[in-house]
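Chemist: Pasting a structure below so you can have a look.
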Amino acid sequence: MGIAATIQEPAEGLIFQGKKSVEPILKTENLWKLYRAGKVEVPALRGVNFEVQPGESVAVMGPSGCGKSSLLYVIGGLAQASRGKVLVDGNDLTSMSDGARTKLRRHKIGFVFQRFNLLPTLTAKGNIAIAQFVHGDGFDPHRFDVVSQMLGLAGRLHHKPSELSGGEQQRVAIARAIINEPKILLADEPTGNLDSKNSEIVLQMLRQLNRDLGQTIVMITHNPEATTYFDRVVHMRDGIIVDGVPAD
Amino acid sequence: MMGELIARNLLHRPLRTLIGAMGIAVEVALVVLIVGLTSGLLTETAKRIEGIGADIMLQPPSASFLFAFGTAPMPIKIGDKLSELKYVQSVAPVLFQFNTSGVEIVYGIDQESFRAVSGGFVFLRGHDLEGPDDILVDDVAAKTKNIQPGQIYRIFDHDWHVAGIVEHGKGSRLFVPLSTLQELVGARDKATIFFVKCTRPEHTEDVMENMRHVLPGYTVRPLKDYLSLMTSTNIPGLEAFINAMIMLAISIGLLVIFLTMYTTVIERTRDIGVLKSLGANQWFVIRALLSESAALCLLGIGAGVGLSYIVRAGFLWKFPTLTIQITAGWILRAAGIALLGALFGASYPAWLASRKDAVEALSYD
């Protein structure tokens, strides 16, 4: 299946109409994350200052172990920061309880992982619908149809993950991540387990989500080619951001 | 959606689901069958005693209403005293002897008085006791042991001649002449119990009062209350035995569910991480696992009820004299016990799952 045939036009109502605000949707201030290895504290993030505007797409690049994934987990509320501040849509995650962070994650964050992380017992449809169920608003068939068609999944909805290709699984994961219209989509090496063709499809889809729907995206990647699909590239090294230059 | 998630999770590992459900099924069947067997035996025995047709029974002082538990005999002359009481129509002395090889009580009867009290046997084949070594067998025992009239039947190291097959329901399944049994067990002119028939049932209280007056200290019981006496709570140790068996059954179910759900949680560590990344809170994870455990338990309860009936059919085929009462009340009680046990057994794995760190769970292989 070609890329053009795979990516569908979004529905009229879902096309992003708003203006970009000057207030960042995501902001970190002197963000630290320390992991304990025995009696030793190992810093994964060492004072990260980072901002993402609404509707922006940002790629975070860096070598293995530089703290990219830790940054993603902390700004996604999956892990608690050790020091500093994380503001998501004005909410300070660092002062929140685990329950409050969970609630914020449910309503404002969507995750896409390198290993897809689909529930193996559910079909593609079930994997997308479970996000709506967890969200608490129940199944929205219109939203579901729009998202599944936009990601080219209409014919694959009744298949289990084991019956889908890697590219299809990642598209299901993206559909699951955006079905509740999160403020920020966080993608952790989404093309890391895909061949070049499927990687391109997934990256085009992420770009389309950003451009057409105004979806804010923060993606971690090793792949320099992948960054060309994003507005901005941020480089990390040894737990800090070393630059932040516009991509070509 | 939760229902679909649970159903698909259960179907994903059919063998584990089957083992978990069978653990619950064994638990339910054990409870239902143990209670059914004990209450069935007690009720059936009580009904047979009531079927004799007497109004009152007299036993030695401090005698158990469980005949097999005490055979301390009384002088047979007591019967004469009882016959003289007002409103007494007939008195039948009976000597009980417990046959350990067949696990049954044999009645030594005086034909004439027993007939007067009980209204006599209904003969299906053969004839009444005629000789000192004759024995009457009821139809259930005859079918179970394949006994025919004219056969020799050996109990108490004595060869008995099967005189007839009688309809069941007259106290015992085996009846021999009183005098022969007295000789055999060394209880000449003794009886274990006297069955008393009143001229009218409404005279029972008066006769009992007179009996207590004439024979102070003796145990006098109305037969109509006998059925209510034959419950597990009235039998020393039986209630404790049943409770112990129920606890054993619960332990089996609890351990099976615990292990099933514990392995489920370990296997689904990554899935739990995924749910948490979607914003599922601790209560969602706990609810999902407890609901799955409850669904597994319901499958097991269904299988357990079926298993109970199958095992009962097997037992009755092998031991037709047994009575196993499977009641709706005890099925519901066993189901409730199993469900509570399953939820308890799954609570720790569910709690464990809810406490998992999302990041660690997502990187679990």
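Labels for the structure tokens follow display order: chains A, B, ..., residues from 1 in each chain, ligands from 1.
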Write down as an mmCIF file with N, CA and C atoms, in the first residue's frame the residues belonging to region 130-312 of chain B that are assigned helix (DSSP H, G or I) by DSSP computed on the backbone.

Modeler:
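Saved result, part.cif, follows:
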```
data_model
loop_
_atom_site.group_PDB
_atom_site.id
_atom_site.type_symbol
_atom_site.label_atom_id
_atom_site.label_comp_id
_atom_site.auth_asym_id
_atom_site.auth_seq_id
_atom_site.Cartn_x
_atom_site.Cartn_y
_atom_site.Cartn_z
ATOM 1 N N ASP B 139 -35.872 -53.230 49.768
ATOM 2 C CA ASP B 139 -35.611 -53.281 48.322
ATOM 3 C C ASP B 139 -34.341 -52.515 47.916
ATOM 4 N N VAL B 140 -34.022 -51.429 48.623
ATOM 5 C CA VAL B 140 -32.833 -50.650 48.260
ATOM 6 C C VAL B 140 -31.567 -51.460 48.524
ATOM 7 N N ALA B 141 -31.507 -52.057 49.728
ATOM 8 C CA ALA B 141 -30.335 -52.878 50.069
ATOM 9 C C ALA B 141 -30.257 -54.103 49.170
ATOM 10 N N ALA B 142 -31.426 -54.677 48.858
ATOM 11 C CA ALA B 142 -31.443 -55.873 48.003
ATOM 12 C C ALA B 142 -30.889 -55.552 46.618
ATOM 13 N N LYS B 143 -31.263 -54.366 46.118
ATOM 14 C CA LYS B 143 -30.789 -53.964 44.791
ATOM 15 C C LYS B 143 -29.284 -53.660 44.836
ATOM 16 N N THR B 144 -28.871 -52.971 45.880
ATOM 17 C CA THR B 144 -27.466 -52.599 46.003
ATOM 18 C C THR B 144 -26.576 -53.838 46.089
ATOM 19 N N LYS B 145 -27.025 -54.787 46.918
ATOM 20 C CA LYS B 145 -26.178 -55.960 47.175
ATOM 21 C C LYS B 145 -26.602 -57.175 46.364
ATOM 22 N N LEU B 178 -35.762 -60.794 66.899
ATOM 23 C CA LEU B 178 -35.198 -60.166 68.100
ATOM 24 C C LEU B 178 -34.424 -61.176 68.950
ATOM 25 N N SER B 179 -35.021 -62.336 69.134
ATOM 26 C CA SER B 179 -34.403 -63.319 70.037
ATOM 27 C C SER B 179 -33.059 -63.801 69.506
ATOM 28 N N THR B 180 -32.974 -63.986 68.203
ATOM 29 C CA THR B 180 -31.711 -64.455 67.610
ATOM 30 C C THR B 180 -30.614 -63.399 67.788
ATOM 31 N N LEU B 181 -30.994 -62.152 67.531
ATOM 32 C CA LEU B 181 -30.003 -61.079 67.656
ATOM 33 C C LEU B 181 -29.575 -60.903 69.111
ATOM 34 N N GLN B 182 -30.547 -61.061 70.023
ATOM 35 C CA GLN B 182 -30.209 -60.964 71.458
ATOM 36 C C GLN B 182 -29.162 -62.009 71.825
ATOM 37 N N GLU B 183 -29.368 -63.207 71.301
ATOM 38 C CA GLU B 183 -28.410 -64.284 71.593
ATOM 39 C C GLU B 183 -27.043 -63.963 70.992
ATOM 40 N N LEU B 184 -27.077 -63.495 69.766
ATOM 41 C CA LEU B 184 -25.818 -63.255 69.044
ATOM 42 C C LEU B 184 -24.960 -62.187 69.715
ATOM 43 N N VAL B 185 -25.616 -61.150 70.219
ATOM 44 C CA VAL B 185 -24.837 -60.034 70.788
ATOM 45 C C VAL B 185 -24.765 -60.110 72.313
ATOM 46 N N PRO B 201 -52.937 -39.904 67.785
ATOM 47 C CA PRO B 201 -51.719 -39.072 67.825
ATOM 48 C C PRO B 201 -51.797 -37.936 68.851
ATOM 49 N N GLU B 202 -53.008 -37.403 69.059
ATOM 50 C CA GLU B 202 -53.121 -36.269 69.992
ATOM 51 C C GLU B 202 -52.891 -36.675 71.451
ATOM 52 N N HIS B 203 -52.817 -37.998 71.672
ATOM 53 C CA HIS B 203 -52.545 -38.460 73.027
ATOM 54 C C HIS B 203 -51.052 -38.564 73.316
ATOM 55 N N THR B 204 -50.245 -38.237 72.341
ATOM 56 C CA THR B 204 -48.796 -38.437 72.464
ATOM 57 C C THR B 204 -48.225 -37.736 73.708
ATOM 58 N N GLU B 205 -48.606 -36.473 73.898
ATOM 59 C CA GLU B 205 -48.062 -35.714 75.026
ATOM 60 C C GLU B 205 -48.429 -36.362 76.361
ATOM 61 N N ASP B 206 -49.702 -36.806 76.447
ATOM 62 C CA ASP B 206 -50.147 -37.445 77.696
ATOM 63 C C ASP B 206 -49.359 -38.721 77.957
ATOM 64 N N VAL B 207 -49.194 -39.510 76.913
ATOM 65 C CA VAL B 207 -48.472 -40.778 77.078
ATOM 66 C C VAL B 207 -47.014 -40.500 77.463
ATOM 67 N N MET B 208 -46.414 -39.520 76.822
ATOM 68 C CA MET B 208 -45.019 -39.189 77.157
ATOM 69 C C MET B 208 -44.894 -38.765 78.619
ATOM 70 N N GLU B 209 -45.860 -38.007 79.058
ATOM 71 C CA GLU B 209 -45.861 -37.552 80.450
ATOM 72 C C GLU B 209 -45.945 -38.747 81.390
ATOM 73 N N ASN B 210 -46.844 -39.678 81.046
ATOM 74 C CA ASN B 210 -46.984 -40.889 81.869
ATOM 75 C C ASN B 210 -45.705 -41.722 81.852
ATOM 76 N N MET B 211 -45.085 -41.800 80.668
ATOM 77 C CA MET B 211 -43.853 -42.590 80.550
ATOM 78 C C MET B 211 -42.756 -42.008 81.439
ATOM 79 N N ARG B 212 -42.663 -40.692 81.437
ATOM 80 C CA ARG B 212 -41.639 -40.042 82.265
ATOM 81 C C ARG B 212 -41.912 -40.282 83.757
ATOM 82 N N HIS B 213 -43.170 -40.370 84.057
ATOM 83 C CA HIS B 213 -43.544 -40.618 85.441
ATOM 84 C C HIS B 213 -43.198 -42.047 85.851
ATOM 85 N N VAL B 214 -43.501 -42.982 84.981
ATOM 86 C CA VAL B 214 -43.269 -44.412 85.279
ATOM 87 C C VAL B 214 -41.774 -44.754 85.187
ATOM 88 N N LEU B 223 -41.704 -38.976 67.965
ATOM 89 C CA LEU B 223 -41.130 -39.271 66.649
ATOM 90 C C LEU B 223 -41.281 -38.116 65.673
ATOM 91 N N LYS B 224 -42.352 -37.321 65.861
ATOM 92 C CA LYS B 224 -42.573 -36.233 64.887
ATOM 93 C C LYS B 224 -41.468 -35.176 64.970
ATOM 94 N N ASP B 225 -40.746 -35.111 66.064
ATOM 95 C CA ASP B 225 -39.645 -34.150 66.199
ATOM 96 C C ASP B 225 -38.309 -34.731 65.748
ATOM 97 N N TYR B 226 -38.346 -36.005 65.388
ATOM 98 C CA TYR B 226 -37.080 -36.675 65.135
ATOM 99 C C TYR B 226 -36.334 -36.079 63.931
ATOM 100 N N LEU B 227 -37.106 -35.748 62.886
ATOM 101 C CA LEU B 227 -36.490 -35.211 61.674
ATOM 102 C C LEU B 227 -35.734 -33.911 61.980
ATOM 103 N N SER B 228 -36.369 -33.083 62.837
ATOM 104 C CA SER B 228 -35.720 -31.805 63.146
ATOM 105 C C SER B 228 -34.466 -32.000 64.003
ATOM 106 N N LEU B 229 -34.408 -33.117 64.728
ATOM 107 C CA LEU B 229 -33.214 -33.392 65.547
ATOM 108 C C LEU B 229 -32.021 -33.816 64.694
ATOM 109 N N SER B 232 -26.950 -31.414 61.347
ATOM 110 C CA SER B 232 -25.519 -31.477 61.669
ATOM 111 C C SER B 232 -25.192 -30.753 62.978
ATOM 112 N N THR B 233 -25.983 -29.732 63.300
ATOM 113 C CA THR B 233 -25.674 -28.984 64.524
ATOM 114 C C THR B 233 -25.975 -29.796 65.773
ATOM 115 N N ASN B 234 -26.853 -30.808 65.660
ATOM 116 C CA ASN B 234 -27.212 -31.619 66.820
ATOM 117 C C ASN B 234 -26.308 -32.830 67.003
ATOM 118 N N LEU B 238 -19.995 -33.196 64.084
ATOM 119 C CA LEU B 238 -20.316 -33.172 62.659
ATOM 120 C C LEU B 238 -20.232 -31.757 62.084
ATOM 121 N N GLU B 239 -20.748 -30.822 62.860
ATOM 122 C CA GLU B 239 -20.694 -29.426 62.414
ATOM 123 C C GLU B 239 -19.232 -28.996 62.222
ATOM 124 N N ALA B 240 -18.405 -29.387 63.176
ATOM 125 C CA ALA B 240 -16.977 -29.032 63.079
ATOM 126 C C ALA B 240 -16.344 -29.685 61.863
ATOM 127 N N PHE B 241 -16.736 -30.938 61.609
ATOM 128 C CA PHE B 241 -16.206 -31.666 60.453
ATOM 129 C C PHE B 241 -16.603 -30.952 59.158
ATOM 130 N N ILE B 242 -17.879 -30.591 59.064
ATOM 131 C CA ILE B 242 -18.366 -29.904 57.856
ATOM 132 C C ILE B 242 -17.638 -28.574 57.678
ATOM 133 N N ASN B 243 -17.499 -27.849 58.771
ATOM 134 C CA ASN B 243 -16.803 -26.559 58.685
ATOM 135 C C ASN B 243 -15.355 -26.735 58.245
ATOM 136 N N ALA B 244 -14.726 -27.791 58.764
ATOM 137 C CA ALA B 244 -13.335 -28.048 58.383
ATOM 138 C C ALA B 244 -13.238 -28.366 56.893
ATOM 139 N N MET B 245 -14.181 -29.141 56.402
ATOM 140 C CA MET B 245 -14.187 -29.487 54.981
ATOM 141 C C MET B 245 -14.441 -28.248 54.115
ATOM 142 N N ILE B 246 -15.338 -27.393 54.590
ATOM 143 C CA ILE B 246 -15.627 -26.157 53.843
ATOM 144 C C ILE B 246 -14.387 -25.265 53.816
ATOM 145 N N MET B 247 -13.695 -25.189 54.942
ATOM 146 C CA MET B 247 -12.466 -24.378 54.995
ATOM 147 C C MET B 247 -11.415 -24.939 54.039
ATOM 148 N N LEU B 248 -11.342 -26.274 53.979
ATOM 149 C CA LEU B 248 -10.392 -26.917 53.064
ATOM 150 C C LEU B 248 -10.737 -26.550 51.627
ATOM 151 N N ALA B 249 -12.034 -26.624 51.319
ATOM 152 C CA ALA B 249 -12.495 -26.294 49.965
ATOM 153 C C ALA B 249 -12.179 -24.837 49.635
ATOM 154 N N ILE B 250 -12.438 -23.959 50.600
ATOM 155 C CA ILE B 250 -12.163 -22.530 50.380
ATOM 156 C C ILE B 250 -10.668 -22.321 50.133
ATOM 157 N N SER B 251 -9.856 -23.037 50.914
ATOM 158 C CA SER B 251 -8.400 -22.886 50.756
ATOM 159 C C SER B 251 -7.957 -23.286 49.357
ATOM 160 N N ILE B 252 -8.554 -24.368 48.851
ATOM 161 C CA ILE B 252 -8.195 -24.820 47.494
ATOM 162 C C ILE B 252 -8.530 -23.716 46.484
ATOM 163 N N GLY B 253 -9.767 -23.216 46.559
ATOM 164 C CA GLY B 253 -10.201 -22.175 45.628
ATOM 165 C C GLY B 253 -9.367 -20.917 45.745
ATOM 166 N N LEU B 254 -9.093 -20.544 46.990
ATOM 167 C CA LEU B 254 -8.340 -19.308 47.233
ATOM 168 C C LEU B 254 -6.927 -19.408 46.655
ATOM 169 N N LEU B 255 -6.276 -20.550 46.890
ATOM 170 C CA LEU B 255 -4.911 -20.719 46.394
ATOM 171 C C LEU B 255 -4.873 -20.748 44.875
ATOM 172 N N VAL B 256 -5.848 -21.445 44.288
ATOM 173 C CA VAL B 256 -5.878 -21.534 42.821
ATOM 174 C C VAL B 256 -6.062 -20.146 42.213
ATOM 175 N N ILE B 257 -7.009 -19.388 42.757
ATOM 176 C CA ILE B 257 -7.253 -18.045 42.227
ATOM 177 C C ILE B 257 -6.041 -17.150 42.460
ATOM 178 N N PHE B 258 -5.459 -17.266 43.642
ATOM 179 C CA PHE B 258 -4.281 -16.443 43.945
ATOM 180 C C PHE B 258 -3.178 -16.700 42.920
ATOM 181 N N LEU B 259 -2.890 -17.993 42.693
ATOM 182 C CA LEU B 259 -1.811 -18.335 41.765
ATOM 183 C C LEU B 259 -2.159 -17.908 40.342
ATOM 184 N N THR B 260 -3.415 -18.139 39.963
ATOM 185 C CA THR B 260 -3.842 -17.771 38.608
ATOM 186 C C THR B 260 -3.688 -16.269 38.387
ATOM 187 N N MET B 261 -4.190 -15.492 39.328
ATOM 188 C CA MET B 261 -4.154 -14.036 39.150
ATOM 189 C C MET B 261 -2.740 -13.491 39.336
ATOM 190 N N TYR B 262 -1.970 -14.151 40.189
ATOM 191 C CA TYR B 262 -0.596 -13.695 40.389
ATOM 192 C C TYR B 262 0.216 -13.864 39.094
ATOM 193 N N THR B 263 0.071 -15.039 38.470
ATOM 194 C CA THR B 263 0.789 -15.255 37.203
ATOM 195 C C THR B 263 0.236 -14.335 36.116
ATOM 196 N N THR B 264 -1.065 -14.068 36.190
ATOM 197 C CA THR B 264 -1.674 -13.147 35.222
ATOM 198 C C THR B 264 -1.044 -11.763 35.342
ATOM 199 N N VAL B 265 -0.901 -11.312 36.570
ATOM 200 C CA VAL B 265 -0.348 -9.967 36.794
ATOM 201 C C VAL B 265 1.096 -9.902 36.297
ATOM 202 N N ILE B 266 1.857 -10.948 36.571
ATOM 203 C CA ILE B 266 3.255 -10.955 36.118
ATOM 204 C C ILE B 266 3.308 -10.955 34.591
ATOM 205 N N GLU B 267 2.470 -11.796 33.993
ATOM 206 C CA GLU B 267 2.473 -11.885 32.542
ATOM 207 C C GLU B 267 2.024 -10.569 31.895
ATOM 208 N N THR B 269 2.359 -7.511 33.025
ATOM 209 C CA THR B 269 3.014 -6.321 33.586
ATOM 210 C C THR B 269 3.049 -5.177 32.583
ATOM 211 N N ARG B 270 3.455 -5.503 31.355
ATOM 212 C CA ARG B 270 3.557 -4.465 30.327
ATOM 213 C C ARG B 270 2.168 -3.878 30.019
ATOM 214 N N ASP B 271 1.158 -4.766 29.973
ATOM 215 C CA ASP B 271 -0.211 -4.285 29.689
ATOM 216 C C ASP B 271 -0.682 -3.321 30.777
ATOM 217 N N ILE B 272 -0.280 -3.632 32.000
ATOM 218 C CA ILE B 272 -0.664 -2.747 33.119
ATOM 219 C C ILE B 272 0.004 -1.385 32.929
ATOM 220 N N GLY B 273 1.275 -1.430 32.492
ATOM 221 C CA GLY B 273 1.981 -0.180 32.198
ATOM 222 C C GLY B 273 1.284 0.605 31.096
ATOM 223 N N VAL B 274 0.808 -0.115 30.088
ATOM 224 C CA VAL B 274 0.099 0.542 28.974
ATOM 225 C C VAL B 274 -1.168 1.216 29.484
ATOM 226 N N LEU B 275 -1.923 0.481 30.299
ATOM 227 C CA LEU B 275 -3.165 1.063 30.844
ATOM 228 C C LEU B 275 -2.852 2.310 31.662
ATOM 229 N N LYS B 276 -1.783 2.234 32.417
ATOM 230 C CA LYS B 276 -1.416 3.412 33.224
ATOM 231 C C LYS B 276 -0.996 4.580 32.328
ATOM 232 N N SER B 277 -0.306 4.266 31.237
ATOM 233 C CA SER B 277 0.097 5.352 30.330
ATOM 234 C C SER B 277 -1.131 6.006 29.688
ATOM 235 N N GLN B 282 -5.220 3.507 39.815
ATOM 236 C CA GLN B 282 -5.050 2.251 40.568
ATOM 237 C C GLN B 282 -6.368 1.490 40.676
ATOM 238 N N TRP B 283 -7.435 2.222 40.906
ATOM 239 C CA TRP B 283 -8.739 1.574 41.073
ATOM 240 C C TRP B 283 -9.171 0.876 39.791
ATOM 241 N N PHE B 284 -8.845 1.477 38.627
ATOM 242 C CA PHE B 284 -9.190 0.855 37.348
ATOM 243 C C PHE B 284 -8.487 -0.498 37.223
ATOM 244 N N VAL B 285 -7.200 -0.512 37.569
ATOM 245 C CA VAL B 285 -6.421 -1.758 37.461
ATOM 246 C C VAL B 285 -6.973 -2.809 38.432
ATOM 247 N N ILE B 286 -7.262 -2.374 39.652
ATOM 248 C CA ILE B 286 -7.804 -3.310 40.653
ATOM 249 C C ILE B 286 -9.151 -3.848 40.177
ATOM 250 N N ARG B 287 -9.978 -2.954 39.683
ATOM 251 C CA ARG B 287 -11.323 -3.360 39.226
ATOM 252 C C ARG B 287 -11.212 -4.366 38.077
ATOM 253 N N ALA B 288 -10.283 -4.089 37.154
ATOM 254 C CA ALA B 288 -10.124 -4.981 36.006
ATOM 255 C C ALA B 288 -9.735 -6.386 36.462
ATOM 256 N N LEU B 289 -8.796 -6.462 37.405
ATOM 257 C CA LEU B 289 -8.327 -7.779 37.835
ATOM 258 C C LEU B 289 -9.347 -8.492 38.720
ATOM 259 N N LEU B 290 -10.004 -7.735 39.594
ATOM 260 C CA LEU B 290 -11.020 -8.376 40.441
ATOM 261 C C LEU B 290 -12.208 -8.833 39.596
ATOM 262 N N SER B 291 -12.555 -8.045 38.588
ATOM 263 C CA SER B 291 -13.665 -8.443 37.712
ATOM 264 C C SER B 291 -13.290 -9.707 36.933
ATOM 265 N N GLU B 292 -12.043 -9.761 36.502
ATOM 266 C CA GLU B 292 -11.600 -10.956 35.776
ATOM 267 C C GLU B 292 -11.645 -12.179 36.697
ATOM 268 N N SER B 293 -11.223 -11.966 37.925
ATOM 269 C CA SER B 293 -11.256 -13.048 38.907
ATOM 270 C C SER B 293 -12.695 -13.489 39.168
ATOM 271 N N ALA B 294 -13.595 -12.521 39.273
ATOM 272 C CA ALA B 294 -15.006 -12.850 39.510
ATOM 273 C C ALA B 294 -15.592 -13.608 38.320
ATOM 274 N N ALA B 295 -15.211 -13.185 37.109
ATOM 275 C CA ALA B 295 -15.712 -13.874 35.905
ATOM 276 C C ALA B 295 -15.200 -15.317 35.873
ATOM 277 N N LEU B 296 -13.928 -15.465 36.214
ATOM 278 C CA LEU B 296 -13.334 -16.807 36.274
ATOM 279 C C LEU B 296 -14.072 -17.649 37.312
ATOM 280 N N CYS B 297 -14.386 -17.006 38.417
ATOM 281 C CA CYS B 297 -15.079 -17.689 39.506
ATOM 282 C C CYS B 297 -16.487 -18.115 39.074
ATOM 283 N N LEU B 298 -17.169 -17.258 38.328
ATOM 284 C CA LEU B 298 -18.515 -17.610 37.872
ATOM 285 C C LEU B 298 -18.469 -18.818 36.945
ATOM 286 N N LEU B 299 -17.449 -18.851 36.093
ATOM 287 C CA LEU B 299 -17.272 -20.035 35.239
ATOM 288 C C LEU B 299 -17.088 -21.273 36.112
ATOM 289 N N GLY B 300 -16.254 -21.119 37.134
ATOM 290 C CA GLY B 300 -15.975 -22.234 38.045
ATOM 291 C C GLY B 300 -17.203 -22.665 38.819
ATOM 292 N N ILE B 301 -18.022 -21.705 39.199
ATOM 293 C CA ILE B 301 -19.236 -22.041 39.955
ATOM 294 C C ILE B 301 -20.168 -22.878 39.077
ATOM 295 N N GLY B 302 -20.315 -22.435 37.821
ATOM 296 C CA GLY B 302 -21.155 -23.201 36.880
ATOM 297 C C GLY B 302 -20.627 -24.619 36.726
ATOM 298 N N ALA B 303 -19.315 -24.706 36.531
ATOM 299 C CA ALA B 303 -18.698 -26.035 36.372
ATOM 300 C C ALA B 303 -18.833 -26.840 37.666
ATOM 301 N N GLY B 304 -18.727 -26.157 38.804
ATOM 302 C CA GLY B 304 -18.824 -26.836 40.104
ATOM 303 C C GLY B 304 -20.193 -27.422 40.349
ATOM 304 N N VAL B 305 -21.220 -26.695 39.960
ATOM 305 C CA VAL B 305 -22.590 -27.208 40.122
ATOM 306 C C VAL B 305 -22.763 -28.443 39.235
ATOM 307 N N GLY B 306 -22.296 -28.323 37.998
ATOM 308 C CA GLY B 306 -22.362 -29.469 37.085
ATOM 309 C C GLY B 306 -21.593 -30.655 37.636
ATOM 310 N N LEU B 307 -20.392 -30.372 38.147
ATOM 311 C CA LEU B 307 -19.540 -31.429 38.706
ATOM 312 C C LEU B 307 -20.235 -32.110 39.899
ATOM 313 N N SER B 308 -20.913 -31.309 40.705
ATOM 314 C CA SER B 308 -21.621 -31.865 41.873
ATOM 315 C C SER B 308 -22.657 -32.900 41.426
ATOM 316 N N TYR B 309 -23.417 -32.552 40.401
ATOM 317 C CA TYR B 309 -24.456 -33.483 39.927
ATOM 318 C C TYR B 309 -23.833 -34.727 39.289
ATOM 319 N N ILE B 310 -22.719 -34.521 38.595
ATOM 320 C CA ILE B 310 -22.056 -35.675 37.962
ATOM 321 C C ILE B 310 -21.515 -36.617 39.035
ATOM 322 N N VAL B 311 -20.848 -36.031 40.044
ATOM 323 C CA VAL B 311 -20.275 -36.862 41.120
ATOM 324 C C VAL B 311 -21.407 -37.553 41.895
ATOM 325 N N ARG B 312 -22.486 -36.820 42.131
ATOM 326 C CA ARG B 312 -23.609 -37.444 42.844
ATOM 327 C C ARG B 312 -24.151 -38.632 42.048
#
```

Chemist: Which residues of chain A are close to chain B, meaning at most 6 Å apart when you count only C-alpha atoms, and how do they look as a VMD selection string?

Modeler: chain A and resid 102 105 to 106 119 121 134

Chemist: Using only C-alpha atoms, which of A:Asn117, A:Thr216, A:Gln208, A:Thr221 sits nearest Ala59 (chain A)?

Modeler: A:Thr221

Chemist: Using the chain letters and numbers from this document, which residues of region 97-246 of chain B does DSSP assign to strand (DSSP E or B), as a ChimeraX atom specification?

Modeler: /B:97-99,104-109,123-126,134-138,152-155,158-166,170,172,174-177,190-191,193-198,219-222

Chemist: Which is closest to Lys86 (chain B) among B:Arg200, B:Arg115, B:His158, B:Arg333, if we use only C-alpha atoms?

Modeler: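 Looking only at the distances to Lys86 (chain B), the closest residue turns out to be B:Arg200.
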
Chemist: Within 8 Å of Asn30 (chain A), counting only C-alpha atoms, which residues show up once you throw out same-chain ones fewer than 3 positions away? Write them as an MDAnalysis selection string, please.

Modeler: chainID A and resid 46:49 83:85

Chemist: Expressed in Å to a single decimal, how great is the separation between CA of Lys170 (chain B) and CA of Thr327 (chain B)?

Modeler: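 Going from CA of Lys170 (chain B) over to CA of Thr327 (chain B) covers 25.2 Å.
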
Chemist: For CA of Val86 (chain A) and CA of Leu71 (chain A), quote the distance in Å rounded to one decimal.

Modeler: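 The value is 10.1 Å.
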
Chemist: To one decimal place in Å, what is the distance between CA of Asp157 (chain B) and CA of Arg188 (chain B)?

Modeler: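 A separation of 18.1 Å between them.
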
Chemist: Mind checking which residues fall within 9 Å of region 222-225 of chain A, counting only C-alpha atoms, ignoring those fewer than 4 positions away in the same chain, and posting them as a list in words?

Modeler: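 Residues near the query, excluding close chain neighbours: Val60, Met61, Gly62, Pro63, Ser64, Glu189, Thr191, Gly192 and Tyr229 of chain A.
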
Chemist: Please list as a list of chain:residue names every residue within 9 Å of Met205 (chain A), counting only C-alpha atoms and excluding residues in the same chain fewer than 4 positions away.

Modeler: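 Residues near the query, excluding close chain neighbours: A:Ile7, A:Met150, A:Leu151, A:Arg171, A:Ile174, A:Glu200, A:Ile201, A:Leu209, A:Asn210.
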